[in-house]
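Q: Quick one: the structure is below, and I'll ask about it shortly.
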Amino acid sequence: MKTTSISSASISTAMQLTVQNSQVEIAKLQTESVSGTYADVGLELGTRTSTSIDYGRETARLQAITDANSLAEQRMAQSQLALTQISDSAQKLLDSNVALSGSSDASSLKVASDTATSMLENFVSYANASINGEYIFSGINTDTQTLDDSFISVTTGDFNAAFEDFKTANGIASNADVSGDQMEEFLTNYSTSFDWNSYTNASDATMTSRISTSETVATSTSANSDGFKNLVLSAMMTSQLVNSGLSSDGLAALNKQTTSLAGLAISGVTSQASLIGLSQERVEKANSAMSAQMTIIDTQLSDLVGVDTYDASVRLNTLLTQVETSYTITAKIQELSLVNFL
């Protein structure tokens with residue numbers, strides 16, 4: 001009878017190799033059961049790996065644009081809020097001027113002057129609105145405050161100097177001596193020659209943003225617009241002249257001009273808000289389109305690199321059981337000794 005020798009060492013070594021291989025597979029299955037994708041995409045896909053990379057790159061690009069759009073949306077929302085406040089102030093100025101029409105009551109004139117002065121102060125605050133450290137009405141000069149702190153004193157100072165020069169040139173002794181025709185001439189000429197851009201730090205060019213892979217839109221507006229200019233002119237003329245002792249004819253000419261300018265200001269600011277609103281709508285549509293694109297790409301990518309997490313979990317539990325059994329058997333083998341049978 002022939003017997004075959006059995007080496008407990010060889011059995012133990014085989015068990016160790018099995019455990020080592022299983023541990024590698026366990027690490028892989030743990031990753032796949034949690035992530036839902038191949039642990040090693042390159043190994044599993046081979047030549048198709050480039051496709052998965054392209055999918056990932058396109059998703060990242062669309063997500064980057066979407067993230068940038070959120071900043072543009074914040075800027076436009078803040079712009080809309082400030083434009084609404086400016087428009088409301090302009091409406092109050094217009095209402096004040098309309099109510100003053102034909103009146104020369106001293107208290108009414110003072111109220112109109114105070115209203116215009118307050119409107120100018122509020123305007124400076126609204127025009128200097130910022131978000132995330134960017135001044136929203138400075139055009140592309142977003143790091144520069146739109147209007148200097150000395151804006152009101154500089155503009156009113158220049159206006160009063162121009163009015164004094166006009167009176168001197170026409171031999172007019174006092175404000176009460178300015179006729180209606182002279183007042184209309186001065187205000188018209190001043191409005192025409194008023195270099196509004198020299199009083200702001202804004203650029204004419206506005207911020208543009210790429211809102212999708214193929215679209216760019218303006219996502220800001222500039223203080224250099226006619227709406228802002230006309231509002232400042234109306235408020236400045238009213239605050240400086242309405243309560244300065246003008247004759248009834250001069251006051252009527254002033255009221256006519258400032259009322260017209262206030263109306264033009266409201267129309268201009270409303271137009272700016274409408275343009276921002278159109279950009280907001282386009283950004284919203286672009287975000288929706290990109291979201292749909294990313295969903296499609298993610299589905300294709302999941303089909304390409306995805307794994308059945310349930311199956312991976314079952315295989316993982318099976319391997320863990322096998323490893324535990326191997327550890328048990330190895331421990332039993334290591335306990336075997338001839339000494340125990342002597």
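Chains: A, B, ... in order of the structure tokens. Residues: from 1 per chain. Ligands: from 1, in order shown.
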Let's see if you can do this: from backbone DSSP, list all strand (DSSP E) residues in range 4-246 of chain A, as a ChimeraX atom specification.

A: /A:130-131,134-135,208-210,216-218

Q: Kindly save the residues from that selection, with C-alpha atoms included, as a compact mmCIF listing (two decimals), in the first residue's frame.

A:
```
# COMPACT_ATOMS: atom_id res chain seq x y z
CA SER A 130 -21.60 96.12 -4.80
CA ILE A 131 -21.67 92.35 -4.42
CA GLU A 134 -17.58 94.10 -7.30
CA TYR A 135 -19.29 97.43 -8.01
CA THR A 208 -20.41 89.89 -20.31
CA SER A 209 -20.56 86.26 -19.26
CA ARG A 210 -20.47 82.97 -21.14
CA THR A 216 -22.58 85.12 -24.06
CA VAL A 217 -24.78 87.85 -22.60
CA ALA A 218 -24.37 91.18 -20.84
```

Q: Quick one: everything within 9 Å of range 145-147 of chain A, counting only C-alpha atoms, minus sequence neighbours fewer than 6 positions away in the same chain. Send it as a PyMOL selection string.

A: chain A and resi 124-125+127-130+134-139+199-202+223

Q: Mind writing the picked residues with N, CA and C atoms as a tab-separated table (two decimals), in the first residue's frame?

A:
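Just written: selection-v1.tsv:
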```tsv
chain	number	residue	atom	x	y	z
A	124	VAL	N	-26.50	108.18	-4.96
A	124	VAL	CA	-25.08	107.84	-4.81
A	124	VAL	C	-24.93	106.50	-4.10
A	125	SER	N	-25.73	106.27	-3.08
A	125	SER	CA	-25.68	105.01	-2.35
A	125	SER	C	-26.06	103.83	-3.24
A	127	ALA	N	-26.06	103.74	-6.57
A	127	ALA	CA	-25.13	103.61	-7.70
A	127	ALA	C	-23.83	102.94	-7.28
A	128	ASN	N	-23.48	103.05	-6.00
A	128	ASN	CA	-22.25	102.43	-5.49
A	128	ASN	C	-22.50	101.04	-4.91
A	129	ALA	N	-23.63	100.45	-5.24
A	129	ALA	CA	-23.94	99.11	-4.74
A	129	ALA	C	-22.91	98.11	-5.24
A	130	SER	N	-22.60	97.13	-4.42
A	130	SER	CA	-21.60	96.12	-4.80
A	130	SER	C	-22.03	94.75	-4.27
A	134	GLU	N	-17.51	93.50	-5.98
A	134	GLU	CA	-17.58	94.10	-7.30
A	134	GLU	C	-18.67	95.18	-7.34
A	135	TYR	N	-18.31	96.35	-7.87
A	135	TYR	CA	-19.29	97.43	-8.01
A	135	TYR	C	-20.12	97.15	-9.27
A	136	ILE	N	-21.42	97.00	-9.08
A	136	ILE	CA	-22.26	96.47	-10.15
A	136	ILE	C	-22.57	97.48	-11.26
A	137	PHE	N	-22.39	98.78	-11.00
A	137	PHE	CA	-22.69	99.77	-12.03
A	137	PHE	C	-21.42	100.42	-12.60
A	138	SER	N	-20.27	99.81	-12.35
A	138	SER	CA	-19.01	100.37	-12.85
A	138	SER	C	-18.60	99.76	-14.19
A	139	GLY	N	-19.51	99.04	-14.83
A	139	GLY	CA	-19.15	98.41	-16.10
A	139	GLY	C	-18.11	97.33	-15.87
A	199	TYR	N	-17.88	112.40	-14.54
A	199	TYR	CA	-18.19	112.41	-13.10
A	199	TYR	C	-18.29	111.00	-12.51
A	200	THR	N	-18.21	109.98	-13.35
A	200	THR	CA	-18.28	108.60	-12.86
A	200	THR	C	-16.95	107.90	-13.11
A	201	ASN	N	-16.77	106.79	-12.43
A	201	ASN	CA	-15.59	105.95	-12.64
A	201	ASN	C	-15.95	104.69	-13.44
A	202	ALA	N	-17.14	104.69	-14.00
A	202	ALA	CA	-17.63	103.52	-14.73
A	202	ALA	C	-17.13	103.54	-16.17
A	223	ALA	N	-23.34	102.83	-15.13
A	223	ALA	CA	-23.88	104.09	-14.62
A	223	ALA	C	-23.76	105.20	-15.66
```

Q: Pick the closest to Met290 in chain A from A:Ile211, A:Ile140, A:Ala205, A:Leu93: which is it, counting only C-alpha atoms?

A: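 Selected residue with least distance to Met290 in chain A: A:Ile211.
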
Q: A:Leu246, A:Ala252, A:Ala112, A:Leu83: which is nearest Asp95 in chain A, counting only C-alpha atoms?

A: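 Checking each candidate against Asp95 in chain A, we get A:Ala112 as the closest.
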
Q: Mind checking which residues fall within 8 Å of Asn243 in chain A, counting only C-alpha atoms, ignoring those fewer than 4 positions away in the same chain, and posting them as an mmCIF file with C-alpha atoms, in the first residue's frame?

A:
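What landed in part-v9.cif:
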```cif
data_model
loop_
_atom_site.group_PDB
_atom_site.id
_atom_site.type_symbol
_atom_site.label_atom_id
_atom_site.label_comp_id
_atom_site.auth_asym_id
_atom_site.auth_seq_id
_atom_site.Cartn_x
_atom_site.Cartn_y
_atom_site.Cartn_z
ATOM 1 C CA ALA A 106 -42.190 128.888 0.036
ATOM 2 C CA LEU A 109 -40.364 124.983 -2.728
ATOM 3 C CA LYS A 110 -38.321 123.955 0.303
ATOM 4 C CA SER A 113 -35.507 121.162 -2.761
ATOM 5 C CA SER A 239 -32.083 120.960 -5.409
#
```
